[in-house]
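Structure below is upload_19.cif: mmCIF, N, CA and C atoms.
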data_protein
loop_
_atom_site.group_PDB
_atom_site.id
_atom_site.type_symbol
_atom_site.label_atom_id
_atom_site.label_comp_id
_atom_site.auth_asym_id
_atom_site.auth_seq_id
_atom_site.Cartn_x
_atom_site.Cartn_y
_atom_site.Cartn_z
ATOM 1 N N MET A 1 -31.034 160.206 169.807
ATOM 2 C CA MET A 1 -29.639 160.285 169.419
ATOM 3 C C MET A 1 -28.975 158.917 169.547
ATOM 4 N N LEU A 2 -28.041 158.687 168.661
ATOM 5 C CA LEU A 2 -27.225 157.478 168.723
ATOM 6 C C LEU A 2 -26.105 157.675 169.730
ATOM 7 N N PRO A 3 -25.577 156.599 170.293
ATOM 8 C CA PRO A 3 -24.395 156.764 171.158
ATOM 9 C C PRO A 3 -23.218 157.196 170.287
ATOM 10 N N PRO A 4 -22.207 157.845 170.887
ATOM 11 C CA PRO A 4 -21.063 158.264 170.087
ATOM 12 C C PRO A 4 -20.356 157.066 169.474
ATOM 13 N N ARG A 5 -19.811 157.285 168.297
ATOM 14 C CA ARG A 5 -19.096 156.213 167.625
ATOM 15 C C ARG A 5 -17.820 155.875 168.396
ATOM 16 N N PRO A 6 -17.577 154.598 168.589
ATOM 17 C CA PRO A 6 -16.317 154.239 169.239
ATOM 18 C C PRO A 6 -15.155 154.576 168.308
ATOM 19 N N LEU A 7 -14.016 154.828 168.895
ATOM 20 C CA LEU A 7 -12.855 155.196 168.092
ATOM 21 C C LEU A 7 -12.123 153.979 167.539
ATOM 22 N N GLY A 8 -12.656 152.780 167.772
ATOM 23 C CA GLY A 8 -12.016 151.567 167.264
ATOM 24 C C GLY A 8 -11.900 151.556 165.748
ATOM 25 N N ALA A 9 -12.933 152.006 165.063
ATOM 26 C CA ALA A 9 -12.878 152.054 163.598
ATOM 27 C C ALA A 9 -11.830 153.051 163.137
ATOM 28 N N LEU A 10 -11.729 154.171 163.836
ATOM 29 C CA LEU A 10 -10.712 155.161 163.492
ATOM 30 C C LEU A 10 -9.317 154.597 163.750
ATOM 31 N N LYS A 11 -9.170 153.845 164.816
ATOM 32 C CA LYS A 11 -7.883 153.220 165.119
ATOM 33 C C LYS A 11 -7.462 152.293 163.982
ATOM 34 N N LEU A 12 -8.406 151.529 163.477
ATOM 35 C CA LEU A 12 -8.122 150.625 162.362
ATOM 36 C C LEU A 12 -7.749 151.415 161.108
ATOM 37 N N ARG A 13 -8.495 152.474 160.811
ATOM 38 C CA ARG A 13 -8.212 153.276 159.608
ATOM 39 C C ARG A 13 -6.849 153.947 159.690
ATOM 40 N N THR A 14 -6.488 154.492 160.854
ATOM 41 C CA THR A 14 -5.181 155.155 160.959
ATOM 42 C C THR A 14 -4.042 154.136 160.869
ATOM 43 N N ARG A 15 -4.244 152.952 161.401
ATOM 44 C CA ARG A 15 -3.217 151.907 161.281
ATOM 45 C C ARG A 15 -3.042 151.500 159.819
ATOM 46 N N GLU A 16 -4.166 151.321 159.122
ATOM 47 C CA GLU A 16 -4.098 150.983 157.693
ATOM 48 C C GLU A 16 -3.404 152.100 156.910
ATOM 49 N N TRP A 17 -3.705 153.355 157.244
ATOM 50 C CA TRP A 17 -3.095 154.494 156.564
ATOM 51 C C TRP A 17 -1.576 154.489 156.752
ATOM 52 N N ARG A 18 -1.142 154.249 157.986
ATOM 53 C CA ARG A 18 0.305 154.204 158.248
ATOM 54 C C ARG A 18 0.967 153.082 157.454
ATOM 55 N N GLU A 19 0.296 151.942 157.348
ATOM 56 C CA GLU A 19 0.845 150.832 156.572
ATOM 57 C C GLU A 19 0.918 151.181 155.087
ATOM 58 N N LEU A 20 -0.137 151.806 154.565
ATOM 59 C CA LEU A 20 -0.180 152.167 153.150
ATOM 60 C C LEU A 20 0.818 153.251 152.783
ATOM 61 N N THR A 21 1.152 154.111 153.729
ATOM 62 C CA THR A 21 2.044 155.233 153.436
ATOM 63 C C THR A 21 3.407 155.080 154.092
ATOM 64 N N SER A 22 3.737 153.874 154.520
ATOM 65 C CA SER A 22 4.981 153.678 155.272
ATOM 66 C C SER A 22 6.220 154.081 154.474
ATOM 67 N N ALA A 23 6.202 153.927 153.159
ATOM 68 C CA ALA A 23 7.363 154.305 152.344
ATOM 69 C C ALA A 23 7.554 155.818 152.325
ATOM 70 N N ALA A 24 6.455 156.546 152.380
ATOM 71 C CA ALA A 24 6.496 158.017 152.401
ATOM 72 C C ALA A 24 5.389 158.482 153.340
ATOM 73 N N PRO A 25 5.637 158.467 154.667
ATOM 74 C CA PRO A 25 4.595 158.781 155.648
ATOM 75 C C PRO A 25 3.872 160.099 155.353
ATOM 76 N N LYS A 26 2.565 160.043 155.494
ATOM 77 C CA LYS A 26 1.712 161.204 155.267
ATOM 78 C C LYS A 26 0.761 161.349 156.452
ATOM 79 N N PRO A 27 0.402 162.586 156.811
ATOM 80 C CA PRO A 27 -0.517 162.780 157.938
ATOM 81 C C PRO A 27 -1.911 162.256 157.607
ATOM 82 N N TYR A 28 -2.610 161.826 158.628
ATOM 83 C CA TYR A 28 -3.982 161.336 158.473
ATOM 84 C C TYR A 28 -4.950 162.476 158.755
ATOM 85 N N LEU A 29 -5.900 162.688 157.863
ATOM 86 C CA LEU A 29 -6.910 163.737 157.973
ATOM 87 C C LEU A 29 -8.277 163.085 158.026
ATOM 88 N N THR A 30 -9.155 163.611 158.863
ATOM 89 C CA THR A 30 -10.528 163.121 158.888
ATOM 90 C C THR A 30 -11.499 164.283 159.020
ATOM 91 N N PRO A 31 -12.587 164.266 158.250
ATOM 92 C CA PRO A 31 -13.621 165.284 158.408
ATOM 93 C C PRO A 31 -14.611 164.872 159.501
ATOM 94 N N VAL A 32 -15.196 165.857 160.161
ATOM 95 C CA VAL A 32 -16.182 165.609 161.209
ATOM 96 C C VAL A 32 -17.313 166.627 161.062
ATOM 97 N N GLN A 33 -18.537 166.134 160.954
ATOM 98 C CA GLN A 33 -19.700 167.007 161.034
ATOM 99 C C GLN A 33 -19.832 167.379 162.506
ATOM 100 N N LEU A 34 -19.737 168.667 162.824
ATOM 101 C CA LEU A 34 -19.724 169.099 164.219
ATOM 102 C C LEU A 34 -20.947 169.951 164.535
ATOM 103 N N ASP A 35 -21.720 169.506 165.515
ATOM 104 C CA ASP A 35 -22.805 170.296 166.079
ATOM 105 C C ASP A 35 -22.398 170.606 167.513
ATOM 106 N N LEU A 36 -21.731 171.749 167.706
ATOM 107 C CA LEU A 36 -21.232 172.145 169.020
ATOM 108 C C LEU A 36 -22.376 172.753 169.821
ATOM 109 N N THR A 37 -22.687 172.157 170.950
ATOM 110 C CA THR A 37 -23.806 172.619 171.757
ATOM 111 C C THR A 37 -23.418 173.837 172.592
ATOM 112 N N GLU A 38 -24.404 174.569 173.051
ATOM 113 C CA GLU A 38 -24.140 175.730 173.911
ATOM 114 C C GLU A 38 -23.641 175.306 175.284
ATOM 115 N N ASP A 39 -24.052 174.141 175.745
ATOM 116 C CA ASP A 39 -23.627 173.633 177.051
ATOM 117 C C ASP A 39 -22.292 172.920 176.891
ATOM 118 N N PRO A 40 -21.204 173.465 177.444
ATOM 119 C CA PRO A 40 -19.895 172.846 177.266
ATOM 120 C C PRO A 40 -19.797 171.436 177.845
ATOM 121 N N ALA A 41 -20.680 171.073 178.770
ATOM 122 C CA ALA A 41 -20.618 169.765 179.419
ATOM 123 C C ALA A 41 -21.396 168.686 178.672
ATOM 124 N N THR A 42 -22.001 169.005 177.535
ATOM 125 C CA THR A 42 -22.780 168.015 176.793
ATOM 126 C C THR A 42 -21.877 166.868 176.336
ATOM 127 N N PRO A 43 -22.216 165.630 176.714
ATOM 128 C CA PRO A 43 -21.411 164.496 176.247
ATOM 129 C C PRO A 43 -21.636 164.261 174.751
ATOM 130 N N ALA A 44 -20.728 163.551 174.142
ATOM 131 C CA ALA A 44 -20.811 163.268 172.710
ATOM 132 C C ALA A 44 -21.971 162.342 172.402
ATOM 133 N N SER A 45 -22.668 162.646 171.320
ATOM 134 C CA SER A 45 -23.651 161.730 170.753
ATOM 135 C C SER A 45 -23.483 161.785 169.239
ATOM 136 N N ALA A 46 -23.689 160.646 168.615
ATOM 137 C CA ALA A 46 -23.460 160.540 167.179
ATOM 138 C C ALA A 46 -24.553 161.239 166.387
ATOM 139 N N ILE A 47 -24.132 161.924 165.339
ATOM 140 C CA ILE A 47 -25.038 162.428 164.306
ATOM 141 C C ILE A 47 -24.469 161.918 162.984
ATOM 142 N N ARG A 48 -25.195 162.100 161.917
ATOM 143 C CA ARG A 48 -24.713 161.628 160.624
ATOM 144 C C ARG A 48 -23.349 162.248 160.329
ATOM 145 N N LEU A 49 -22.353 161.411 160.174
ATOM 146 C CA LEU A 49 -20.979 161.790 159.826
ATOM 147 C C LEU A 49 -20.263 162.615 160.888
ATOM 148 N N GLY A 50 -20.741 162.566 162.132
ATOM 149 C CA GLY A 50 -20.048 163.360 163.130
ATOM 150 C C GLY A 50 -20.598 163.252 164.526
ATOM 151 N N LEU A 51 -20.527 164.410 165.230
ATOM 152 C CA LEU A 51 -20.858 164.447 166.645
ATOM 153 C C LEU A 51 -21.664 165.677 167.009
ATOM 154 N N ARG A 52 -22.565 165.493 167.949
ATOM 155 C CA ARG A 52 -23.190 166.595 168.679
ATOM 156 C C ARG A 52 -22.522 166.533 170.037
ATOM 157 N N ILE A 53 -21.875 167.646 170.443
ATOM 158 C CA ILE A 53 -20.971 167.563 171.581
ATOM 159 C C ILE A 53 -20.751 168.944 172.180
ATOM 160 N N GLY A 54 -20.422 168.992 173.461
ATOM 161 C CA GLY A 54 -20.036 170.232 174.117
ATOM 162 C C GLY A 54 -18.535 170.434 174.002
ATOM 163 N N SER A 55 -18.081 171.650 174.242
ATOM 164 C CA SER A 55 -16.658 171.967 174.044
ATOM 165 C C SER A 55 -15.739 171.174 174.966
ATOM 166 N N GLU A 56 -16.159 170.867 176.179
ATOM 167 C CA GLU A 56 -15.303 170.093 177.095
ATOM 168 C C GLU A 56 -15.090 168.675 176.573
ATOM 169 N N ALA A 57 -16.157 168.027 176.157
ATOM 170 C CA ALA A 57 -16.043 166.669 175.619
ATOM 171 C C ALA A 57 -15.309 166.682 174.286
ATOM 172 N N LEU A 58 -15.450 167.763 173.524
ATOM 173 C CA LEU A 58 -14.752 167.856 172.238
ATOM 174 C C LEU A 58 -13.236 167.835 172.441
ATOM 175 N N VAL A 59 -12.750 168.552 173.430
ATOM 176 C CA VAL A 59 -11.309 168.559 173.703
ATOM 177 C C VAL A 59 -10.835 167.143 174.001
ATOM 178 N N GLU A 60 -11.563 166.422 174.826
ATOM 179 C CA GLU A 60 -11.166 165.048 175.160
ATOM 180 C C GLU A 60 -11.248 164.136 173.935
ATOM 181 N N HIS A 61 -12.268 164.317 173.121
ATOM 182 C CA HIS A 61 -12.423 163.504 171.907
ATOM 183 C C HIS A 61 -11.268 163.760 170.941
ATOM 184 N N LEU A 62 -10.902 165.028 170.771
ATOM 185 C CA LEU A 62 -9.791 165.368 169.874
ATOM 186 C C LEU A 62 -8.463 164.836 170.408
ATOM 187 N N ARG A 63 -8.288 164.860 171.717
ATOM 188 C CA ARG A 63 -7.070 164.278 172.305
ATOM 189 C C ARG A 63 -7.003 162.779 172.006
ATOM 190 N N ALA A 64 -8.130 162.102 172.154
ATOM 191 C CA ALA A 64 -8.169 160.661 171.863
ATOM 192 C C ALA A 64 -7.872 160.402 170.384
ATOM 193 N N MET A 65 -8.369 161.251 169.514
ATOM 194 C CA MET A 65 -8.076 161.111 168.088
ATOM 195 C C MET A 65 -6.582 161.321 167.841
ATOM 196 N N GLY A 66 -5.988 162.285 168.514
ATOM 197 C CA GLY A 66 -4.559 162.532 168.380
ATOM 198 C C GLY A 66 -3.734 161.344 168.813
ATOM 199 N N GLU A 67 -4.171 160.655 169.862
ATOM 200 C CA GLU A 67 -3.473 159.461 170.326
ATOM 201 C C GLU A 67 -3.517 158.341 169.293
ATOM 202 N N LEU A 68 -4.494 158.418 168.389
ATOM 203 C CA LEU A 68 -4.600 157.436 167.304
ATOM 204 C C LEU A 68 -3.870 157.899 166.046
ATOM 205 N N ALA A 69 -3.089 158.955 166.170
ATOM 206 C CA ALA A 69 -2.262 159.491 165.080
ATOM 207 C C ALA A 69 -3.058 160.278 164.040
ATOM 208 N N VAL A 70 -4.200 160.815 164.427
ATOM 209 C CA VAL A 70 -4.915 161.732 163.536
ATOM 210 C C VAL A 70 -4.188 163.064 163.618
ATOM 211 N N ALA A 71 -3.725 163.549 162.472
ATOM 212 C CA ALA A 71 -2.939 164.774 162.441
ATOM 213 C C ALA A 71 -3.789 166.012 162.158
ATOM 214 N N HIS A 72 -4.877 165.840 161.433
ATOM 215 C CA HIS A 72 -5.722 166.974 161.046
ATOM 216 C C HIS A 72 -7.189 166.568 161.138
ATOM 217 N N VAL A 73 -8.018 167.474 161.639
ATOM 218 C CA VAL A 73 -9.467 167.275 161.684
ATOM 219 C C VAL A 73 -10.101 168.501 161.045
ATOM 220 N N SER A 74 -10.977 168.265 160.086
ATOM 221 C CA SER A 74 -11.724 169.385 159.504
ATOM 222 C C SER A 74 -13.162 169.293 160.001
ATOM 223 N N PHE A 75 -13.693 170.437 160.410
ATOM 224 C CA PHE A 75 -15.059 170.484 160.922
ATOM 225 C C PHE A 75 -15.996 171.050 159.876
ATOM 226 N N ASN A 76 -17.104 170.368 159.663
ATOM 227 C CA ASN A 76 -18.198 170.902 158.864
ATOM 228 C C ASN A 76 -19.230 171.379 159.877
ATOM 229 N N LEU A 77 -19.521 172.669 159.889
ATOM 230 C CA LEU A 77 -20.411 173.257 160.892
ATOM 231 C C LEU A 77 -21.844 173.429 160.416
ATOM 232 N N ARG A 78 -22.130 173.030 159.211
ATOM 233 C CA ARG A 78 -23.472 173.129 158.673
ATOM 234 C C ARG A 78 -23.963 171.770 158.245
ATOM 235 N N PRO A 79 -25.171 171.364 158.531
ATOM 236 C CA PRO A 79 -26.132 172.104 159.331
ATOM 237 C C PRO A 79 -25.781 172.005 160.810
ATOM 238 N N GLY A 80 -26.215 172.953 161.561
ATOM 239 C CA GLY A 80 -26.001 172.961 163.001
ATOM 240 C C GLY A 80 -27.058 173.824 163.658
ATOM 241 N N ASP A 81 -27.172 173.731 164.964
ATOM 242 C CA ASP A 81 -28.192 174.474 165.688
ATOM 243 C C ASP A 81 -27.776 175.904 166.026
ATOM 244 N N ARG A 82 -26.482 176.235 165.848
ATOM 245 C CA ARG A 82 -25.978 177.555 166.243
ATOM 246 C C ARG A 82 -25.382 178.281 165.050
ATOM 247 N N PRO A 83 -25.335 179.605 165.123
ATOM 248 C CA PRO A 83 -24.696 180.362 164.042
ATOM 249 C C PRO A 83 -23.215 180.009 163.933
ATOM 250 N N VAL A 84 -22.719 179.909 162.713
ATOM 251 C CA VAL A 84 -21.336 179.506 162.472
ATOM 252 C C VAL A 84 -20.352 180.446 163.158
ATOM 253 N N ASP A 85 -20.581 181.764 163.094
ATOM 254 C CA ASP A 85 -19.633 182.694 163.714
ATOM 255 C C ASP A 85 -19.544 182.480 165.226
ATOM 256 N N GLU A 86 -20.647 182.129 165.846
ATOM 257 C CA GLU A 86 -20.664 181.853 167.286
ATOM 258 C C GLU A 86 -19.871 180.584 167.606
ATOM 259 N N VAL A 87 -20.044 179.549 166.790
ATOM 260 C CA VAL A 87 -19.325 178.290 166.989
ATOM 261 C C VAL A 87 -17.828 178.499 166.772
ATOM 262 N N LEU A 88 -17.460 179.235 165.731
ATOM 263 C CA LEU A 88 -16.045 179.506 165.473
ATOM 264 C C LEU A 88 -15.406 180.256 166.636
ATOM 265 N N GLN A 89 -16.127 181.233 167.175
ATOM 266 C CA GLN A 89 -15.605 181.993 168.314
ATOM 267 C C GLN A 89 -15.394 181.077 169.521
ATOM 268 N N GLU A 90 -16.355 180.208 169.780
ATOM 269 C CA GLU A 90 -16.219 179.297 170.911
ATOM 270 C C GLU A 90 -15.072 178.311 170.704
ATOM 271 N N LEU A 91 -14.932 177.780 169.495
ATOM 272 C CA LEU A 91 -13.816 176.879 169.212
ATOM 273 C C LEU A 91 -12.484 177.588 169.433
ATOM 274 N N ALA A 92 -12.395 178.835 168.997
ATOM 275 C CA ALA A 92 -11.161 179.607 169.158
ATOM 276 C C ALA A 92 -10.833 179.835 170.631
ATOM 277 N N GLU A 93 -11.849 180.053 171.438
ATOM 278 C CA GLU A 93 -11.631 180.365 172.853
ATOM 279 C C GLU A 93 -11.473 179.131 173.737
ATOM 280 N N THR A 94 -12.192 178.055 173.427
ATOM 281 C CA THR A 94 -12.251 176.927 174.356
ATOM 282 C C THR A 94 -11.543 175.668 173.891
ATOM 283 N N THR A 95 -11.352 175.512 172.593
ATOM 284 C CA THR A 95 -10.813 174.259 172.074
ATOM 285 C C THR A 95 -9.406 174.422 171.509
ATOM 286 N N LEU A 96 -9.228 175.367 170.622
ATOM 287 C CA LEU A 96 -7.930 175.533 169.969
ATOM 288 C C LEU A 96 -6.771 175.762 170.933
ATOM 289 N N PRO A 97 -6.949 176.471 172.049
ATOM 290 C CA PRO A 97 -5.815 176.645 172.964
ATOM 291 C C PRO A 97 -5.236 175.323 173.493
ATOM 292 N N HIS A 98 -6.011 174.252 173.460
ATOM 293 C CA HIS A 98 -5.529 172.947 173.916
ATOM 294 C C HIS A 98 -4.654 172.249 172.871
ATOM 295 N N PHE A 99 -4.634 172.803 171.655
ATOM 296 C CA PHE A 99 -3.918 172.169 170.552
ATOM 297 C C PHE A 99 -3.075 173.207 169.809
ATOM 298 N N PRO A 100 -2.015 173.691 170.450
ATOM 299 C CA PRO A 100 -1.187 174.704 169.794
ATOM 300 C C PRO A 100 -0.509 174.149 168.551
ATOM 301 N N ALA A 101 -0.263 175.028 167.605
ATOM 302 C CA ALA A 101 0.427 174.632 166.383
ATOM 303 C C ALA A 101 1.849 174.226 166.723
ATOM 304 N N PRO A 102 2.365 173.200 166.059
ATOM 305 C CA PRO A 102 3.745 172.799 166.317
ATOM 306 C C PRO A 102 4.715 173.912 165.930
ATOM 307 N N THR A 103 5.785 174.009 166.678
ATOM 308 C CA THR A 103 6.839 174.977 166.368
ATOM 309 C C THR A 103 8.017 174.226 165.768
ATOM 310 N N ALA A 104 8.955 174.954 165.205
ATOM 311 C CA ALA A 104 10.149 174.312 164.638
ATOM 312 C C ALA A 104 10.881 173.512 165.707
ATOM 313 N N GLU A 105 10.911 174.050 166.939
ATOM 314 C CA GLU A 105 11.598 173.351 168.012
ATOM 315 C C GLU A 105 10.902 172.045 168.394
ATOM 316 N N SER A 106 9.562 172.065 168.447
ATOM 317 C CA SER A 106 8.847 170.851 168.861
ATOM 318 C C SER A 106 8.915 169.774 167.801
ATOM 319 N N THR A 107 8.918 170.161 166.526
ATOM 320 C CA THR A 107 9.007 169.144 165.479
ATOM 321 C C THR A 107 10.419 168.592 165.358
ATOM 322 N N ALA A 108 11.428 169.404 165.669
ATOM 323 C CA ALA A 108 12.809 168.932 165.623
ATOM 324 C C ALA A 108 13.088 167.933 166.744
ATOM 325 N N ALA A 109 12.364 168.073 167.862
ATOM 326 C CA ALA A 109 12.560 167.178 169.005
ATOM 327 C C ALA A 109 12.043 165.763 168.726
ATOM 328 N N HIS A 110 11.154 165.621 167.755
ATOM 329 C CA HIS A 110 10.588 164.304 167.456
ATOM 330 C C HIS A 110 11.397 163.676 166.406
#

Show how you would write the structure in this file as structure tokens.
Amino acid sequence: MLPPRPLGALKLRTREWRELTSAAPKPYLTPVQLDLTEDPATPASAIRLGLRIGSEALVEHLRAMGELAVAHVSFNLRPGDRPVDEVLQELAETTLPHFPAPTAESTAAH
């Protein structure tokens, strides 16, 4: 396995995106090939176009992406070592609760 990709390249891309869309700001979206491991403690390792990672490290990785102004992440779950329905269930239980959808009140505060 390759070491996980540093987020420096993503930092550069999000900065360029903000500059390109400064007249009419638009959210930054990035796709990620996700191979979610059964062991939640698995650290991130790079795979083609994404990560092989446990749910605990995924939460931290997504938080770091959010700090770089990534607004949306789409996961491609195929190919992967686990059934898609199992991965979706785990994401719903272990990852999504850390990233609640914005409410009208929270967006008005910004």

*Go ahead and compute the interatomic distance for atom C of Pro43 of chain A and atom N of Ser55 of chain A, in Å to one decimal.*
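Straight-line distance from atom C of Pro43 of chain A to atom N of Ser55 of chain A works out to 8.2 Å.
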
*Between atom CA of Leu77 of chain A and atom CA of Asp35 of chain A, what is the spacing in Å?*
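For atom CA of Asp35 of chain A relative to atom CA of Leu77 of chain A, the distance reads 6.4 Å.
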
*Given the file shown, determine the residues that the PyMOL selection byres ((chain A and resi 4-19) around 6.5) selects; report them as an MDAnalysis selection string.*
chainID A and resid 2:3 20:23 44:46 68:69

_Separation of atom CA of Leu62 of chain A from atom N of Leu91 of chain A in Å_ =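 Spanning atom N of Leu91 of chain A to atom CA of Leu62 of chain A is a straight-line distance of 13.4 Å.
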
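When the PyMOL selection byres (((chain A and resi 50 and name CA) around 8) and name CA) is evaluated on the file shown here, the picked residues come out as Val32, Gln33, Leu34, Ala46, Ile47, Arg48, Leu49, Leu51 and Arg52 of chain A.
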
Residues from last step as file, N, CA and C atoms, as a CSV table (one decimal), in the coordinates of the input:
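To be explicit, this is the file written out as again09.csv:
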chain,number,residue,atom,x,y,z
A,32,VAL,N,-15.2,165.9,160.2
A,32,VAL,CA,-16.2,165.6,161.2
A,32,VAL,C,-17.3,166.6,161.1
A,33,GLN,N,-18.5,166.1,161.0
A,33,GLN,CA,-19.7,167.0,161.0
A,33,GLN,C,-19.8,167.4,162.5
A,34,LEU,N,-19.7,168.7,162.8
A,34,LEU,CA,-19.7,169.1,164.2
A,34,LEU,C,-20.9,170.0,164.5
A,46,ALA,N,-23.7,160.6,168.6
A,46,ALA,CA,-23.5,160.5,167.2
A,46,ALA,C,-24.6,161.2,166.4
A,47,ILE,N,-24.1,161.9,165.3
A,47,ILE,CA,-25.0,162.4,164.3
A,47,ILE,C,-24.5,161.9,163.0
A,48,ARG,N,-25.2,162.1,161.9
A,48,ARG,CA,-24.7,161.6,160.6
A,48,ARG,C,-23.3,162.2,160.3
A,49,LEU,N,-22.4,161.4,160.2
A,49,LEU,CA,-21.0,161.8,159.8
A,49,LEU,C,-20.3,162.6,160.9
A,51,LEU,N,-20.5,164.4,165.2
A,51,LEU,CA,-20.9,164.4,166.6
A,51,LEU,C,-21.7,165.7,167.0
A,52,ARG,N,-22.6,165.5,167.9
A,52,ARG,CA,-23.2,166.6,168.7
A,52,ARG,C,-22.5,166.5,170.0

*Would you give me, as a VMD selection string, the residues in chain A that DSSP reads as strand (DSSP E)?*
chain A and resid 28 to 36 45 to 47 50 to 53 70 to 76

With N, CA and C atoms retained, export the selected residues as a JSON list (two decimals), in the frame of the given file.
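The resulting file, selection_10.json, is shown below:
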[["chain", "number", "residue", "atom", "x", "y", "z"],
["A", 28, "TYR", "N", -2.61, 161.83, 158.63],
["A", 28, "TYR", "CA", -3.98, 161.34, 158.47],
["A", 28, "TYR", "C", -4.95, 162.48, 158.76],
["A", 29, "LEU", "N", -5.90, 162.69, 157.86],
["A", 29, "LEU", "CA", -6.91, 163.74, 157.97],
["A", 29, "LEU", "C", -8.28, 163.08, 158.03],
["A", 30, "THR", "N", -9.15, 163.61, 158.86],
["A", 30, "THR", "CA", -10.53, 163.12, 158.89],
["A", 30, "THR", "C", -11.50, 164.28, 159.02],
["A", 31, "PRO", "N", -12.59, 164.27, 158.25],
["A", 31, "PRO", "CA", -13.62, 165.28, 158.41],
["A", 31, "PRO", "C", -14.61, 164.87, 159.50],
["A", 32, "VAL", "N", -15.20, 165.86, 160.16],
["A", 32, "VAL", "CA", -16.18, 165.61, 161.21],
["A", 32, "VAL", "C", -17.31, 166.63, 161.06],
["A", 33, "GLN", "N", -18.54, 166.13, 160.95],
["A", 33, "GLN", "CA", -19.70, 167.01, 161.03],
["A", 33, "GLN", "C", -19.83, 167.38, 162.51],
["A", 34, "LEU", "N", -19.74, 168.67, 162.82],
["A", 34, "LEU", "CA", -19.72, 169.10, 164.22],
["A", 34, "LEU", "C", -20.95, 169.95, 164.54],
["A", 35, "ASP", "N", -21.72, 169.51, 165.52],
["A", 35, "ASP", "CA", -22.80, 170.30, 166.08],
["A", 35, "ASP", "C", -22.40, 170.61, 167.51],
["A", 36, "LEU", "N", -21.73, 171.75, 167.71],
["A", 36, "LEU", "CA", -21.23, 172.14, 169.02],
["A", 36, "LEU", "C", -22.38, 172.75, 169.82],
["A", 45, "SER", "N", -22.67, 162.65, 171.32],
["A", 45, "SER", "CA", -23.65, 161.73, 170.75],
["A", 45, "SER", "C", -23.48, 161.78, 169.24],
["A", 46, "ALA", "N", -23.69, 160.65, 168.62],
["A", 46, "ALA", "CA", -23.46, 160.54, 167.18],
["A", 46, "ALA", "C", -24.55, 161.24, 166.39],
["A", 47, "ILE", "N", -24.13, 161.92, 165.34],
["A", 47, "ILE", "CA", -25.04, 162.43, 164.31],
["A", 47, "ILE", "C", -24.47, 161.92, 162.98],
["A", 50, "GLY", "N", -20.74, 162.57, 162.13],
["A", 50, "GLY", "CA", -20.05, 163.36, 163.13],
["A", 50, "GLY", "C", -20.60, 163.25, 164.53],
["A", 51, "LEU", "N", -20.53, 164.41, 165.23],
["A", 51, "LEU", "CA", -20.86, 164.45, 166.64],
["A", 51, "LEU", "C", -21.66, 165.68, 167.01],
["A", 52, "ARG", "N", -22.56, 165.49, 167.95],
["A", 52, "ARG", "CA", -23.19, 166.60, 168.68],
["A", 52, "ARG", "C", -22.52, 166.53, 170.04],
["A", 53, "ILE", "N", -21.88, 167.65, 170.44],
["A", 53, "ILE", "CA", -20.97, 167.56, 171.58],
["A", 53, "ILE", "C", -20.75, 168.94, 172.18],
["A", 70, "VAL", "N", -4.20, 160.82, 164.43],
["A", 70, "VAL", "CA", -4.92, 161.73, 163.54],
["A", 70, "VAL", "C", -4.19, 163.06, 163.62],
["A", 71, "ALA", "N", -3.72, 163.55, 162.47],
["A", 71, "ALA", "CA", -2.94, 164.77, 162.44],
["A", 71, "ALA", "C", -3.79, 166.01, 162.16],
["A", 72, "HIS", "N", -4.88, 165.84, 161.43],
["A", 72, "HIS", "CA", -5.72, 166.97, 161.05],
["A", 72, "HIS", "C", -7.19, 166.57, 161.14],
["A", 73, "VAL", "N", -8.02, 167.47, 161.64],
["A", 73, "VAL", "CA", -9.47, 167.28, 161.68],
["A", 73, "VAL", "C", -10.10, 168.50, 161.04],
["A", 74, "SER", "N", -10.98, 168.26, 160.09],
["A", 74, "SER", "CA", -11.72, 169.38, 159.50],
["A", 74, "SER", "C", -13.16, 169.29, 160.00],
["A", 75, "PHE", "N", -13.69, 170.44, 160.41],
["A", 75, "PHE", "CA", -15.06, 170.48, 160.92],
["A", 75, "PHE", "C", -16.00, 171.05, 159.88],
["A", 76, "ASN", "N", -17.10, 170.37, 159.66],
["A", 76, "ASN", "CA", -18.20, 170.90, 158.86],
["A", 76, "ASN", "C", -19.23, 171.38, 159.88]]

_Residues within 7 Å of Glu56 of chain A, all atoms listed in the file, excluding chain neighbours under 6 positions, as a PyMOL selection string_ = chain A and resi 39-42

Set up a box along x, y and z of the file covering all listed atoms of segment 70-88 of chain A, add 5 Å on every one of the six sides, and write the centre and edge lengths in Å to one decimal, as lines of an AutoDock Vina configuration file.
center_x = -15.6
center_y = 171.8
center_z = 162.9
size_x = 35.3
size_y = 31.9
size_z = 19.4

_Nearest residue to Asp81 of chain A from the set A:Leu29, A:Ala24, A:Ala101, A:Leu36 (distances using all atoms listed in the file)_ =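 Of the candidates, the smallest distance to Asp81 of chain A is held by A:Leu36.
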
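The residue set within 8 Å of His72 of chain A, counting only N, CA and C atoms and dropping same-chain residues fewer than 3 places from it, reads A:Pro27, A:Tyr28, A:Leu29, A:Thr30, A:Pro31, A:Gly66, A:Ala69, A:Phe75.
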
Give me a file of those residues, with N, CA and C atoms, as a tab-separated table (two decimals), in the coordinates of the input.
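So the final result, stored in part09.tsv, reads:
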chain	number	residue	atom	x	y	z
A	27	PRO	N	0.40	162.59	156.81
A	27	PRO	CA	-0.52	162.78	157.94
A	27	PRO	C	-1.91	162.26	157.61
A	28	TYR	N	-2.61	161.83	158.63
A	28	TYR	CA	-3.98	161.34	158.47
A	28	TYR	C	-4.95	162.48	158.76
A	29	LEU	N	-5.90	162.69	157.86
A	29	LEU	CA	-6.91	163.74	157.97
A	29	LEU	C	-8.28	163.08	158.03
A	30	THR	N	-9.15	163.61	158.86
A	30	THR	CA	-10.53	163.12	158.89
A	30	THR	C	-11.50	164.28	159.02
A	31	PRO	N	-12.59	164.27	158.25
A	31	PRO	CA	-13.62	165.28	158.41
A	31	PRO	C	-14.61	164.87	159.50
A	66	GLY	N	-5.99	162.28	168.51
A	66	GLY	CA	-4.56	162.53	168.38
A	66	GLY	C	-3.73	161.34	168.81
A	69	ALA	N	-3.09	158.96	166.17
A	69	ALA	CA	-2.26	159.49	165.08
A	69	ALA	C	-3.06	160.28	164.04
A	75	PHE	N	-13.69	170.44	160.41
A	75	PHE	CA	-15.06	170.48	160.92
A	75	PHE	C	-16.00	171.05	159.88
